[in-house]
>>> print(open('query-v8.cif').read())   # mmCIF, C-alpha atoms and all ligand atoms
data_coords
loop_
_atom_site.label_atom_id
_atom_site.label_comp_id
_atom_site.auth_asym_id
_atom_site.auth_seq_id
_atom_site.Cartn_x
_atom_site.Cartn_y
_atom_site.Cartn_z
CA MET A 15 46.27 55.67 20.08
CA ARG A 16 45.88 56.18 23.79
CA LEU A 17 46.34 53.51 26.40
CA PRO A 18 43.00 52.15 27.61
CA GLU A 19 41.71 51.94 31.15
CA ALA A 20 42.57 48.71 32.97
CA ARG A 21 39.82 46.15 33.56
CA GLY A 22 41.55 44.11 36.25
CA ASP A 23 44.95 43.21 37.72
CA LEU A 24 46.40 41.66 34.59
CA SER A 25 45.57 44.50 32.20
CA ALA A 26 46.57 46.98 34.92
CA ALA A 27 50.00 45.34 35.16
CA VAL A 28 50.52 45.56 31.39
CA ILE A 29 49.30 49.15 31.11
CA GLU A 30 51.30 50.20 34.19
CA ALA A 31 54.45 48.74 32.68
CA LEU A 32 53.95 50.62 29.41
CA MET A 33 53.28 53.88 31.24
CA SER A 34 56.05 53.62 33.84
CA GLY A 35 58.65 51.85 31.70
CA ARG A 36 59.16 49.23 34.44
CA PHE A 37 57.91 45.70 33.97
CA GLU A 38 56.92 43.72 37.05
CA VAL A 39 56.16 40.08 36.45
CA ALA A 40 52.41 39.64 36.61
CA ARG A 41 50.66 36.40 37.44
CA LEU A 42 47.93 35.05 35.25
CA PRO A 43 44.64 35.03 37.15
CA GLU A 44 42.31 32.03 37.07
CA VAL A 45 39.60 32.78 34.54
CA THR A 46 36.46 30.77 33.87
CA ASP A 47 35.90 31.87 30.27
CA PRO A 48 39.06 33.31 28.71
CA LEU A 49 37.15 34.13 25.52
CA ALA A 50 34.91 36.58 27.38
CA ASP A 51 37.21 37.73 30.19
CA GLU A 52 37.49 41.53 30.12
CA ASP A 53 40.82 41.69 31.94
CA LEU A 54 42.55 38.95 29.94
CA GLN A 55 41.29 40.06 26.52
CA LEU A 56 42.23 43.69 27.14
CA ALA A 57 45.72 42.74 28.36
CA LEU A 58 46.19 40.69 25.19
CA ALA A 59 44.82 43.44 22.96
CA VAL A 60 47.29 45.92 24.45
CA CYS A 61 50.19 43.49 23.89
CA TYR A 62 49.13 43.06 20.26
CA GLU A 63 48.60 46.73 19.48
CA LEU A 64 52.32 47.22 20.07
CA HIS A 65 52.78 45.33 16.77
CA TYR A 66 50.43 47.60 14.81
CA SER A 67 50.15 51.28 15.75
CA GLY A 68 51.63 51.36 19.24
CA PHE A 69 50.43 53.76 21.94
CA ASP A 70 50.95 57.49 22.44
CA GLY A 71 53.87 58.12 24.76
CA VAL A 72 54.88 54.43 24.95
CA ASP A 73 58.39 53.36 23.92
CA ASP A 74 58.14 51.30 20.71
CA ARG A 75 60.74 48.89 22.08
CA TRP A 76 58.05 47.32 24.29
CA GLU A 77 57.01 45.37 21.18
CA TRP A 78 59.94 42.99 21.72
CA HIS A 79 60.34 43.20 25.50
CA PRO A 80 61.15 39.61 26.61
CA GLY A 81 59.23 39.86 29.89
CA LEU A 82 56.11 41.21 28.26
CA LEU A 83 56.38 38.63 25.46
CA ALA A 84 56.63 35.86 28.05
CA LEU A 85 53.47 37.09 29.72
CA ARG A 86 51.76 37.40 26.34
CA GLY A 87 52.79 33.80 25.61
CA GLU A 88 51.07 32.63 28.79
CA ILE A 89 47.89 34.51 27.89
CA GLU A 90 48.00 33.12 24.36
CA TYR A 91 48.34 29.58 25.66
CA VAL A 92 45.14 30.02 27.68
CA PHE A 93 43.40 31.74 24.75
CA GLU A 94 44.39 29.18 22.12
CA THR A 95 43.46 26.28 24.41
CA ALA A 96 40.01 27.78 24.97
CA LEU A 97 39.57 28.37 21.24
CA ARG A 98 40.49 24.78 20.41
CA GLN A 99 38.12 23.53 23.10
CA LEU A 100 35.32 25.68 21.73
CA THR A 101 35.76 24.45 18.16
CA GLY A 102 36.65 20.81 18.86
CA PRO A 103 39.08 18.71 16.83
CA GLN A 104 39.03 19.31 13.08
CA PRO A 105 39.46 16.55 10.49
CA ALA A 106 42.64 16.45 8.41
CA VAL A 107 40.81 16.43 5.08
CA GLY A 108 42.61 16.31 1.74
CA ALA A 109 43.24 19.40 -0.35
CA ALA A 110 40.39 18.60 -2.75
CA GLU A 111 37.88 18.57 0.11
CA ILE A 112 39.07 21.82 1.72
CA PRO A 113 36.68 24.16 -0.18
CA ALA A 114 33.65 22.01 0.65
CA ALA A 115 34.71 21.70 4.31
CA LEU A 116 35.10 25.49 4.52
CA THR A 117 31.73 25.99 2.84
CA ALA A 118 30.09 23.72 5.39
CA LEU A 119 31.74 25.55 8.31
CA THR A 120 30.64 28.95 7.05
CA ALA A 121 27.13 28.17 5.80
CA GLU A 122 24.45 30.63 6.96
CA GLN A 123 22.78 29.38 10.11
CA ASP A 124 19.08 29.46 10.80
CA GLY A 125 17.98 31.35 13.86
CA PRO A 126 18.61 34.92 14.96
CA SER A 127 20.99 36.71 12.66
CA LEU A 128 22.69 40.01 13.32
CA ALA A 129 22.65 40.83 9.60
CA ARG A 130 18.89 40.26 9.30
CA TYR A 131 18.23 42.32 12.42
CA ILE A 132 20.36 45.17 11.15
CA GLN A 133 18.73 45.05 7.74
CA SER A 134 15.19 45.31 9.07
CA ASN A 135 15.11 46.48 12.68
CA ALA A 136 18.21 48.21 13.98
CA THR A 137 17.95 51.83 15.08
CA ILE A 138 20.60 54.33 14.00
CA GLU A 139 22.13 54.13 17.49
CA GLN A 140 22.33 50.36 17.21
CA PHE A 141 23.89 50.65 13.77
CA ARG A 142 26.51 53.01 15.21
CA GLU A 143 27.24 50.53 17.99
CA PHE A 144 27.65 47.77 15.41
CA VAL A 145 30.15 49.93 13.50
CA VAL A 146 32.04 50.77 16.70
CA HIS A 147 32.40 47.06 17.50
CA ARG A 148 33.83 46.42 14.05
CA SER A 149 36.11 49.46 14.03
CA LEU A 150 39.15 48.01 15.81
CA TYR A 151 39.51 45.49 13.00
CA GLN A 152 38.05 47.33 10.00
CA LEU A 153 40.30 50.38 10.42
CA LYS A 154 43.20 47.99 9.94
CA GLU A 155 41.31 45.64 7.65
CA ALA A 156 43.53 43.07 5.94
CA ASP A 157 46.64 44.02 7.96
CA PRO A 158 46.75 40.89 10.14
CA HIS A 159 46.57 38.67 7.06
CA THR A 160 49.46 40.50 5.42
CA PHE A 161 51.66 38.80 8.04
CA ALA A 162 50.96 35.53 6.19
CA ILE A 163 52.61 36.69 2.95
CA PRO A 164 56.23 35.85 3.85
CA ARG A 165 55.06 32.57 5.38
CA LEU A 166 53.41 31.19 2.26
CA THR A 167 54.91 30.09 -1.04
CA GLY A 168 53.74 29.26 -4.55
CA ARG A 169 50.07 29.29 -5.49
CA ALA A 170 48.81 29.91 -1.97
CA LYS A 171 50.97 33.03 -1.75
CA ALA A 172 49.85 34.27 -5.18
CA ALA A 173 46.22 33.78 -4.13
CA LEU A 174 46.66 35.73 -0.89
CA ILE A 175 48.31 38.57 -2.83
CA GLU A 176 45.42 38.62 -5.31
CA ILE A 177 43.00 39.09 -2.38
CA GLN A 178 45.14 41.64 -0.55
CA ILE A 179 45.60 43.81 -3.65
CA ASP A 180 41.85 44.26 -3.69
CA GLU A 181 41.62 44.79 0.10
CA TYR A 182 44.17 47.59 -0.26
CA GLY A 183 42.27 49.14 -3.19
CA SER A 184 45.00 48.22 -5.71
CA GLY A 185 47.17 50.72 -3.90
CA ARG A 186 44.74 53.63 -4.21
CA LEU A 187 44.07 55.15 -0.80
CA ALA A 188 40.46 56.09 -1.50
CA ARG A 189 39.65 52.48 -2.50
CA MET A 190 41.34 50.82 0.48
CA HIS A 191 38.72 48.90 2.42
CA ALA A 192 39.91 50.38 5.71
CA GLU A 193 39.40 53.85 4.21
CA LEU A 194 35.91 52.95 2.97
CA PHE A 195 35.13 51.96 6.55
CA ARG A 196 36.54 55.25 7.82
CA THR A 197 34.17 57.05 5.44
CA THR A 198 31.22 55.07 6.78
CA MET A 199 32.21 55.94 10.35
CA GLY A 200 32.49 59.60 9.42
CA CYS A 201 29.06 59.59 7.79
CA LEU A 202 27.67 58.20 11.04
CA GLY A 203 29.28 60.98 13.06
CA LEU A 204 31.74 58.61 14.74
CA ASN A 205 35.34 59.26 15.73
CA THR A 206 37.44 57.79 12.89
CA ALA A 207 40.75 57.76 14.79
CA TYR A 208 42.17 54.26 15.09
CA GLY A 209 41.45 52.76 18.51
CA ALA A 210 39.29 55.67 19.68
CA TYR A 211 36.68 53.28 21.06
CA LEU A 212 38.96 50.68 22.64
CA ASP A 213 37.64 51.37 26.15
CA ARG A 214 34.10 50.72 25.02
CA LEU A 215 34.70 47.36 23.32
CA PRO A 216 33.74 44.34 25.42
CA ALA A 217 35.90 41.22 25.66
CA VAL A 218 33.79 39.29 23.15
CA THR A 219 34.66 41.91 20.52
CA LEU A 220 38.33 42.15 21.51
CA ALA A 221 38.55 38.35 21.30
CA VAL A 222 37.86 38.47 17.55
CA THR A 223 40.73 40.85 16.77
CA ASN A 224 42.96 39.10 19.30
CA MET A 225 42.35 35.83 17.48
CA LEU A 226 43.44 37.44 14.19
CA SER A 227 46.57 38.84 15.78
CA MET A 228 47.48 35.57 17.48
CA PHE A 229 47.15 33.69 14.19
CA ALA A 230 49.01 36.47 12.36
CA LEU A 231 52.00 36.76 14.69
CA HIS A 232 52.77 33.04 14.94
CA ARG A 233 54.12 31.32 11.84
CA ARG A 234 53.08 28.07 13.53
CA LEU A 235 49.45 29.19 13.13
CA ARG A 236 49.67 30.23 9.43
CA GLY A 237 47.20 27.49 8.51
CA ALA A 238 44.69 28.90 10.99
CA LEU A 239 45.32 32.43 9.68
CA VAL A 240 44.47 31.60 6.08
CA GLY A 241 41.53 29.42 7.21
CA GLN A 242 40.29 32.38 9.23
CA LEU A 243 40.62 34.69 6.24
CA ALA A 244 38.70 32.21 4.10
CA ALA A 245 35.92 32.16 6.71
CA PHE A 246 35.76 35.97 6.72
CA GLU A 247 35.52 36.06 2.94
CA MET A 248 33.01 33.21 2.72
CA SER A 249 30.60 34.70 5.25
CA SER A 250 30.72 38.23 3.90
CA SER A 251 28.83 38.91 0.64
CA LEU A 252 25.35 38.08 1.91
CA PRO A 253 25.61 39.75 5.35
CA ASN A 254 27.19 42.84 3.81
CA SER A 255 24.29 43.26 1.39
CA ARG A 256 22.03 43.21 4.47
CA TYR A 257 24.18 45.71 6.39
CA GLY A 258 24.13 48.01 3.36
CA ASN A 259 20.36 47.70 3.07
CA GLY A 260 20.00 48.45 6.77
CA LEU A 261 22.07 51.60 6.46
CA ARG A 262 20.09 52.70 3.39
CA ARG A 263 16.87 52.15 5.33
CA LEU A 264 18.29 54.43 8.04
CA GLY A 265 19.06 57.14 5.51
CA GLY A 266 22.69 56.38 4.62
CA ASP A 267 23.72 57.70 1.19
CA GLU A 268 25.97 55.94 -1.29
CA HIS A 269 29.14 57.16 0.41
CA ALA A 270 27.98 55.79 3.75
CA THR A 271 27.01 52.40 2.29
CA LEU A 272 29.96 52.02 -0.12
CA PHE A 273 31.97 49.91 2.34
CA TYR A 274 29.15 47.35 2.50
CA ASP A 275 28.20 47.52 -1.19
CA GLU A 276 31.85 47.08 -2.18
CA HIS A 277 32.14 43.96 -0.02
CA VAL A 278 29.17 42.27 -1.69
CA GLU A 279 31.04 42.07 -5.00
CA ALA A 280 34.60 41.98 -3.71
CA ASP A 281 34.10 39.10 -1.31
CA ALA A 282 32.17 37.08 -3.89
CA VAL A 283 35.53 37.09 -5.71
CA HIS A 284 37.70 36.69 -2.62
CA GLU A 285 35.81 33.72 -1.25
CA GLN A 286 36.56 31.64 -4.34
CA ILE A 287 40.22 32.58 -4.36
CA ALA A 288 40.50 32.03 -0.58
CA ALA A 289 38.85 28.62 -0.47
CA HIS A 290 40.25 27.07 -3.64
CA ASP A 291 43.45 28.85 -4.62
CA MET A 292 44.76 29.83 -1.19
CA CYS A 293 43.57 27.20 1.33
CA GLY A 294 43.31 24.39 -1.22
CA SER A 295 46.82 25.02 -2.56
CA LEU A 296 48.31 25.41 0.91
CA VAL A 297 46.92 22.04 2.01
CA ALA A 298 48.00 20.41 -1.27
CA GLU A 299 51.55 21.51 -0.49
CA HIS A 300 51.32 20.99 3.29
CA PRO A 301 48.74 18.31 4.13
CA GLU A 302 49.74 18.59 7.80
CA LEU A 303 48.12 22.06 7.91
CA ALA A 304 44.64 20.87 6.90
CA ALA A 305 43.24 20.63 10.44
CA ASP A 306 44.59 24.07 11.34
CA VAL A 307 43.03 25.64 8.24
CA LEU A 308 39.66 24.32 9.39
CA PHE A 309 40.41 25.29 13.00
CA GLY A 310 40.99 28.89 11.90
CA ALA A 311 37.71 28.96 10.01
CA ALA A 312 35.77 27.31 12.85
CA ALA A 313 37.28 29.64 15.46
CA SER A 314 36.39 32.66 13.32
CA GLU A 315 32.79 31.53 12.96
CA ALA A 316 32.48 30.68 16.67
CA LEU A 317 33.94 33.93 18.00
CA GLY A 318 32.10 35.97 15.38
CA GLY A 319 28.90 34.26 16.46
CA ARG A 320 29.52 35.00 20.13
CA ALA A 321 30.20 38.66 19.38
CA SER A 322 27.06 38.96 17.24
CA ALA A 323 24.97 37.24 19.91
CA HIS A 324 26.23 39.77 22.46
CA LEU A 325 24.90 42.64 20.33
CA LEU A 326 21.51 41.00 19.76
CA ASP A 327 21.15 39.99 23.44
CA SER A 328 22.07 43.46 24.70
CA TRP A 329 19.62 45.14 22.35
CA ALA A 330 16.86 42.65 23.17
CA ALA A 331 17.36 43.56 26.84
CA GLY A 332 17.15 47.26 26.01
CA ARG A 333 20.84 47.86 26.80
CA SER A 334 23.80 49.25 24.92
CA SER A 335 26.18 46.55 23.70
CA LEU A 336 29.17 48.78 24.45
CA ARG A 337 30.94 49.15 27.77
CA GLU A 338 30.34 52.17 29.96
CA VAL A 339 33.46 54.27 30.34
CA SER A 340 34.12 55.21 33.94
CA GLY A 341 36.28 58.15 32.95
CA GLN A 342 38.16 57.78 36.23
CA GLY A 343 41.74 58.95 36.12
CA ARG A 344 41.65 59.40 32.37
CA PRO A 345 39.62 61.94 30.49
CA ALA A 346 36.82 60.31 28.54
CA GLN A 347 38.10 60.20 25.00
CA THR A 348 35.51 58.03 23.42
CA ASP A 349 32.14 59.36 24.29
CA GLN A 350 31.26 60.85 20.91
CA LEU A 351 28.60 58.21 20.49
CA ALA A 352 26.34 59.81 23.02
CA GLY A 353 26.77 63.27 21.54
CA VAL A 354 25.68 62.56 17.99
CA ALA A 355 22.21 63.59 16.93
CA SER A 356 20.35 60.93 14.99
CA MET B 56 53.98 28.38 -23.04
CA THR B 57 55.91 31.59 -22.59
CA ASP B 58 54.31 34.70 -21.18
CA GLN B 59 54.16 36.35 -24.61
CA HIS B 60 51.81 33.66 -25.83
CA ARG B 61 49.51 33.88 -22.85
CA PRO B 62 46.04 35.16 -23.65
CA ALA B 63 45.26 38.65 -22.39
CA ALA B 64 42.47 37.41 -20.14
CA THR B 65 41.32 34.11 -18.62
CA ILE B 66 37.97 32.87 -17.35
CA THR B 67 37.98 30.24 -14.61
CA PRO B 68 34.84 28.39 -13.51
CA TYR B 69 34.85 27.70 -9.75
CA GLU B 70 32.96 24.63 -8.59
CA ASP B 71 29.33 25.42 -7.64
CA GLY B 72 30.12 29.12 -7.95
CA PRO B 73 30.87 31.98 -10.35
CA LEU B 74 33.29 32.45 -13.23
CA LEU B 75 36.38 34.43 -12.27
CA LEU B 76 37.61 36.77 -14.96
CA ARG B 77 41.24 37.89 -14.77
CA GLY B 78 43.62 39.85 -16.92
CA ASP B 79 43.17 42.57 -19.50
CA PHE B 80 39.43 42.65 -20.13
CA GLU B 81 36.56 45.02 -20.60
CA ILE B 82 32.90 44.34 -19.78
CA VAL B 83 30.56 46.17 -22.14
CA THR B 84 26.83 46.20 -22.81
CA PRO B 85 25.59 45.23 -26.29
CA ASP B 86 25.57 48.98 -27.02
CA GLY B 87 29.22 49.20 -26.14
CA GLU B 88 28.72 50.96 -22.83
CA ARG B 89 31.33 50.05 -20.27
CA ILE B 90 30.32 48.21 -17.07
CA GLU B 91 32.86 49.18 -14.41
CA PRO B 92 34.45 46.05 -12.96
CA GLY B 93 35.67 47.91 -9.85
CA ARG B 94 38.58 45.50 -9.33
CA PRO B 95 41.27 43.63 -11.26
CA THR B 96 39.58 40.21 -10.84
CA VAL B 97 35.80 39.91 -11.03
CA ALA B 98 33.32 37.10 -10.39
CA LEU B 99 30.63 36.70 -13.06
CA CYS B 100 27.36 35.14 -11.91
CA ARG B 101 26.53 31.84 -13.56
CA CYS B 102 23.67 30.73 -11.31
CA GLY B 103 21.38 33.43 -12.68
CA ARG B 104 20.22 34.65 -9.27
CA SER B 105 22.64 37.44 -8.34
CA ARG B 106 21.14 40.85 -7.60
CA VAL B 107 24.20 42.62 -8.98
CA LYS B 108 24.47 40.89 -12.36
CA PRO B 109 26.65 40.42 -14.26
CA PHE B 110 28.62 40.05 -11.02
CA CYS B 111 28.20 37.35 -8.38
CA ASP B 112 26.87 38.37 -4.96
CA GLY B 113 27.07 35.01 -3.22
CA THR B 114 23.39 34.11 -3.78
CA HIS B 115 24.45 30.85 -5.48
CA LYS B 116 25.15 29.47 -2.01
CA LEU B 117 21.52 29.86 -0.96
CA ILE B 118 19.99 28.04 -3.92
CA ASP B 119 21.91 24.77 -4.00
CA PHE B 120 23.56 25.71 -7.30
CA HIS B 121 25.82 23.07 -8.80
CA ALA B 122 28.25 23.31 -11.65
CA PRO B 123 31.64 21.74 -12.15
CA ALA B 124 34.97 23.54 -12.30
CA GLY B 125 35.68 21.87 -15.63
CA ARG B 126 33.54 21.32 -18.68
CA GLN B 127 30.07 19.94 -18.02
CA ASN B 128 29.12 17.05 -20.22
CA SER B 129 25.47 16.20 -19.78
CA ARG B 130 24.38 16.71 -23.39
CA LEU B 131 23.30 13.09 -23.61
CA ASP B 132 21.71 13.05 -20.16
CA PRO B 133 18.14 11.79 -20.76
CA GLU B 134 16.97 13.78 -17.70
CA THR B 135 17.51 17.02 -19.58
CA ASP B 136 15.51 16.00 -22.64
S1 LIG A 401 27.12 32.60 -9.26
FE1 LIG A 401 27.20 33.68 -7.40
S2 LIG A 401 25.29 34.67 -7.35
FE2 LIG A 401 25.19 33.59 -9.22
FE FE A 402 37.59 43.90 2.49
FE FE A 403 37.60 40.46 1.18
#
>>> encode(input="query-v8.cif", output="structure tokens")
Amino acid sequence: MRLPEARGDLSAAVIEALMSGRFEVARLPEVTDPLADEDLQLALAVCYELHYSGFDGVDDRWEWHPGLLALRGEIEYVFETALRQLTGPQPAVGAAEIPAALTALTAEQDGPSLARYIQSNATIEQFREFVVHRSLYQLKEADPHTFAIPRLTGRAKAALIEIQIDEYGSGRLARMHAELFRTTMGCLGLNTAYGAYLDRLPAVTLAVTNMLSMFALHRRLRGALVGQLAAFEMSSSLPNSRYGNGLRRLGGDEHATLFYDEHVEADAVHEQIAAHDMCGSLVAEHPELAADVLFGAAASEALGGRASAHLLDSWAAGRSSLREVSGQGRPAQTDQLAGVAS
Amino acid sequence: MTDQHRPAATITPYEDGPLLLRGDFEIVTPDGERIEPGRPTVALCRCGRSRVKPFCDGTHKLIDFHAPAGRQNSRLDPETD
């Protein structure tokens, strides 16, 4: 994928380093809300993408550049601190209570819901925006959680594998969930290249994938990673049936809606395995990870909620929920959205 | 028990949720028509309210469904008479 446009001094320093090959130590700016700071979240997203697909024309060795990793560590400290403040302290419950605690954290809330809005009210343009927001994660769906495999043992590991086998379509490309999402994007006339819309994603959206990557790349945070996965699985079946219904209402055929329809049934399976067999077993073996399992789930719900609220608020105000691309200095690569006929 | 003596398939009730079916199984209608499971492990609805029966779609969470992970034993419960 291509390097994005900078959104401030910090992201500019990171992107400059990757382009020029010379790293100059950057200072972390004071930020009021790290979870919604465009500059900080983009800088972090760029650091993390080096661990997945990398960037066109950028030396792959930047992935382990000590100076860049030190800077990333400073950003992560700020990010993790803000996440823990947002979610508050979590109780160190016993293994037997983990599934119920996860269920409580992920229960459907009353009040405005993105899934209900999309089911009944969203326009095709709004549905496309929703898909664009999700694309940075869904086109690499399940990959962050694969980092947990070598860090788990026993029943928790077996449970994660049972989930991942399904996420990766039992090894059949056409059934891989990321590929189903690619098909949905294609049906909507969107650019299916990984990272094509990075410039258009606001910080609140980047924060969700950055959270996954932070949990994934630190063994210390493996409890949070599996708790986060459990939260994804446990708040998936019902919303996905609404997203699928919304897309059908807008004229999507069975290929377009397959990603959502598949997740209704798949995640009804995964949520049981995730809560009981994966998180429950992990905490039975490592009681000291209980609070982090719940932290991961709470953080996932909180950031997911903030991202969803951004979409609903933007649309209520008659605005796009995506960032404008200035196009300055860099040819606009991501403007397909505007060009698609409804 | 060695692997050779393992049953081909297992059914596991999950507390307040579906039955997970794993292993070498086939789901068929009374007429013998195959219902595609779509995945190696499936969740069978036991709350009665799924919209994709026989599979679970998570609806059990909206209806305060309760059932134990083990065997229920309320046959002598006067409330049910
Ligand atoms: S058991 Fe899940 S919907 Fe019935
Ligand atoms: Fe999935
Ligand atoms: Fe899943």
>>> residues_near_point(input="query-v8.cif", point="(41.5, 53.1, 15.6)", cutoff="12 Å", atoms="all atoms listed in the file", output="MDAnalysis selection string")
chainID A and resid 15:17 63 66:69 145:155 192:193 195:196 199 204:213 215 348
>>> closest_atom_pairs(input="query-v8.cif", of="chain A", to="chain B", cutoff="6 Å", atoms="only C-alpha atoms", output="JSON lines")
{"residue": "A:Ser251", "atom": "CA", "partner": "B:Gly113", "partner_atom": "CA", "distance": 5.8}
{"residue": "A:Val278", "atom": "CA", "partner": "B:Asp112", "partner_atom": "CA", "distance": 5.6}
{"residue": "A:Glu279", "atom": "CA", "partner": "B:Asp112", "partner_atom": "CA", "distance": 5.6}
{"residue": "A:Ala282", "atom": "CA", "partner": "B:Gly113", "partner_atom": "CA", "distance": 5.5}
{"residue": "A:Val283", "atom": "CA", "partner": "B:Ala98", "partner_atom": "CA", "distance": 5.2}
>>> residues_near_ligand(input="query-v8.cif", ligand="ligand FE 403 (chain A)", cutoff="7 Å", atoms="only C-alpha atoms and all ligand atoms", output="count of residues only")
7
>>> atom_distance(input="query-v8.cif", atom1="atom CA of A:Ser134", atom2="atom CA of A:Arg262")
10.5 Å
>>> residues_near_point(input="query-v8.cif", point="(39.5, 41.0, 16.5)", cutoff="12 Å", atoms="all atoms listed in the file", output="ChimeraX atom specification")
/A:49,55-56,58-59,62-63,147-158,212,215-230,242,246,313-314,317-318,321
>>> atom_distance(input="query-v8.cif", atom1="atom CA of B:Ala122", atom2="atom CA of A:Ser127")
28.7 Å
>>> closest_residue(input="query-v8.cif", among="A:Leu252, A:Val240, A:Ile287, A:Cys293", to="ligand LIG 401 (chain A)", atoms="all atoms listed in the file")
A:Leu252
>>> closest_residue(input="query-v8.cif", among="A:Glu122, A:His324, A:Gly294, A:Glu285", to="ligand LIG 401 (chain A)", atoms="all atoms listed in the file")
A:Glu285
>>> axis_aligned_box(input="query-v8.cif", around="stretch 84-95 of chain A", padding_each_side="4 Å", output="lines of an AutoDock Vina configuration file")
center_x = 50.0
center_y = 31.8
center_z = 25.9
size_x = 21.2
size_y = 19.1
size_z = 15.6
>>> atom_distance(input="query-v8.cif", atom1="atom CA of A:Asp291", atom2="atom CA of A:Leu194")
26.4 Å
>>> residues_around(input="query-v8.cif", residues="B:Ala63", least_positions_apart="3", cutoff="8 Å", atoms="only C-alpha atoms", output="ChimeraX atom specification")
/B:78-80
>>> residues_around(input="query-v8.cif", residues="stretch 91-93 of chain A", least_positions_apart="4", cutoff="7 Å", atoms="all atoms listed in the file", output="compact mmCIF listing (two decimals) with C-alpha atoms, in the coordinates of the input")
# COMPACT_ATOMS: atom_id res chain seq x y z
CA PRO A 48 39.06 33.31 28.71
CA LEU A 49 37.15 34.13 25.52
CA GLY A 87 52.79 33.80 25.61
CA LEU A 97 39.57 28.37 21.24
>>> decode(input="query-v8.cif", residues="stretch 286-298 of chain A", atoms="N, CA, C and O atoms", output="PDB file, in the first residue's frame")
ATOM      1  N   GLN A 286     -19.254 -18.583  21.620  1.00  0.00           N
ATOM      2  CA  GLN A 286     -19.231 -19.591  22.689  1.00  0.00           C
ATOM      3  C   GLN A 286     -17.810 -20.088  22.930  1.00  0.00           C
ATOM      4  O   GLN A 286     -17.344 -20.186  24.063  1.00  0.00           O
ATOM      5  N   ILE A 287     -17.131 -20.394  21.835  1.00  0.00           N
ATOM      6  CA  ILE A 287     -15.759 -20.898  21.948  1.00  0.00           C
ATOM      7  C   ILE A 287     -14.864 -19.828  22.578  1.00  0.00           C
ATOM      8  O   ILE A 287     -14.034 -20.111  23.445  1.00  0.00           O
ATOM      9  N   ALA A 288     -15.047 -18.566  22.151  1.00  0.00           N
ATOM     10  CA  ALA A 288     -14.189 -17.478  22.635  1.00  0.00           C
ATOM     11  C   ALA A 288     -14.381 -17.237  24.127  1.00  0.00           C
ATOM     12  O   ALA A 288     -13.415 -17.131  24.880  1.00  0.00           O
ATOM     13  N   ALA A 289     -15.647 -17.161  24.550  1.00  0.00           N
ATOM     14  CA  ALA A 289     -15.904 -16.814  25.953  1.00  0.00           C
ATOM     15  C   ALA A 289     -15.538 -17.965  26.888  1.00  0.00           C
ATOM     16  O   ALA A 289     -14.874 -17.761  27.911  1.00  0.00           O
ATOM     17  N   HIS A 290     -15.990 -19.162  26.552  1.00  0.00           N
ATOM     18  CA  HIS A 290     -15.820 -20.290  27.474  1.00  0.00           C
ATOM     19  C   HIS A 290     -14.470 -20.980  27.295  1.00  0.00           C
ATOM     20  O   HIS A 290     -13.698 -21.112  28.238  1.00  0.00           O
ATOM     21  N   ASP A 291     -14.223 -21.442  26.058  1.00  0.00           N
ATOM     22  CA  ASP A 291     -13.074 -22.321  25.846  1.00  0.00           C
ATOM     23  C   ASP A 291     -11.762 -21.548  25.752  1.00  0.00           C
ATOM     24  O   ASP A 291     -10.718 -22.040  26.152  1.00  0.00           O
ATOM     25  N   MET A 292     -11.812 -20.339  25.188  1.00  0.00           N
ATOM     26  CA  MET A 292     -10.573 -19.574  25.044  1.00  0.00           C
ATOM     27  C   MET A 292     -10.314 -18.709  26.275  1.00  0.00           C
ATOM     28  O   MET A 292      -9.353 -18.931  27.006  1.00  0.00           O
ATOM     29  N   CYS A 293     -11.198 -17.740  26.553  1.00  0.00           N
ATOM     30  CA  CYS A 293     -10.951 -16.830  27.684  1.00  0.00           C
ATOM     31  C   CYS A 293     -11.070 -17.556  29.020  1.00  0.00           C
ATOM     32  O   CYS A 293     -10.252 -17.347  29.923  1.00  0.00           O
ATOM     33  N   GLY A 294     -12.093 -18.401  29.137  1.00  0.00           N
ATOM     34  CA  GLY A 294     -12.270 -19.139  30.398  1.00  0.00           C
ATOM     35  C   GLY A 294     -11.065 -20.015  30.698  1.00  0.00           C
ATOM     36  O   GLY A 294     -10.538 -20.023  31.814  1.00  0.00           O
ATOM     37  N   SER A 295     -10.594 -20.743  29.701  1.00  0.00           N
ATOM     38  CA  SER A 295      -9.442 -21.637  29.914  1.00  0.00           C
ATOM     39  C   SER A 295      -8.170 -20.857  30.191  1.00  0.00           C
ATOM     40  O   SER A 295      -7.346 -21.268  31.017  1.00  0.00           O
ATOM     41  N   LEU A 296      -7.999 -19.725  29.488  1.00  0.00           N
ATOM     42  CA  LEU A 296      -6.793 -18.921  29.716  1.00  0.00           C
ATOM     43  C   LEU A 296      -6.742 -18.438  31.166  1.00  0.00           C
ATOM     44  O   LEU A 296      -5.702 -18.516  31.829  1.00  0.00           O
ATOM     45  N   VAL A 297      -7.888 -17.965  31.670  1.00  0.00           N
ATOM     46  CA  VAL A 297      -7.909 -17.430  33.033  1.00  0.00           C
ATOM     47  C   VAL A 297      -7.803 -18.568  34.057  1.00  0.00           C
ATOM     48  O   VAL A 297      -7.211 -18.395  35.129  1.00  0.00           O
ATOM     49  N   ALA A 298      -8.327 -19.742  33.714  1.00  0.00           N
ATOM     50  CA  ALA A 298      -8.168 -20.889  34.624  1.00  0.00           C
ATOM     51  C   ALA A 298      -6.687 -21.209  34.797  1.00  0.00           C
ATOM     52  O   ALA A 298      -6.216 -21.521  35.896  1.00  0.00           O
TER      53      ALA A 298
END
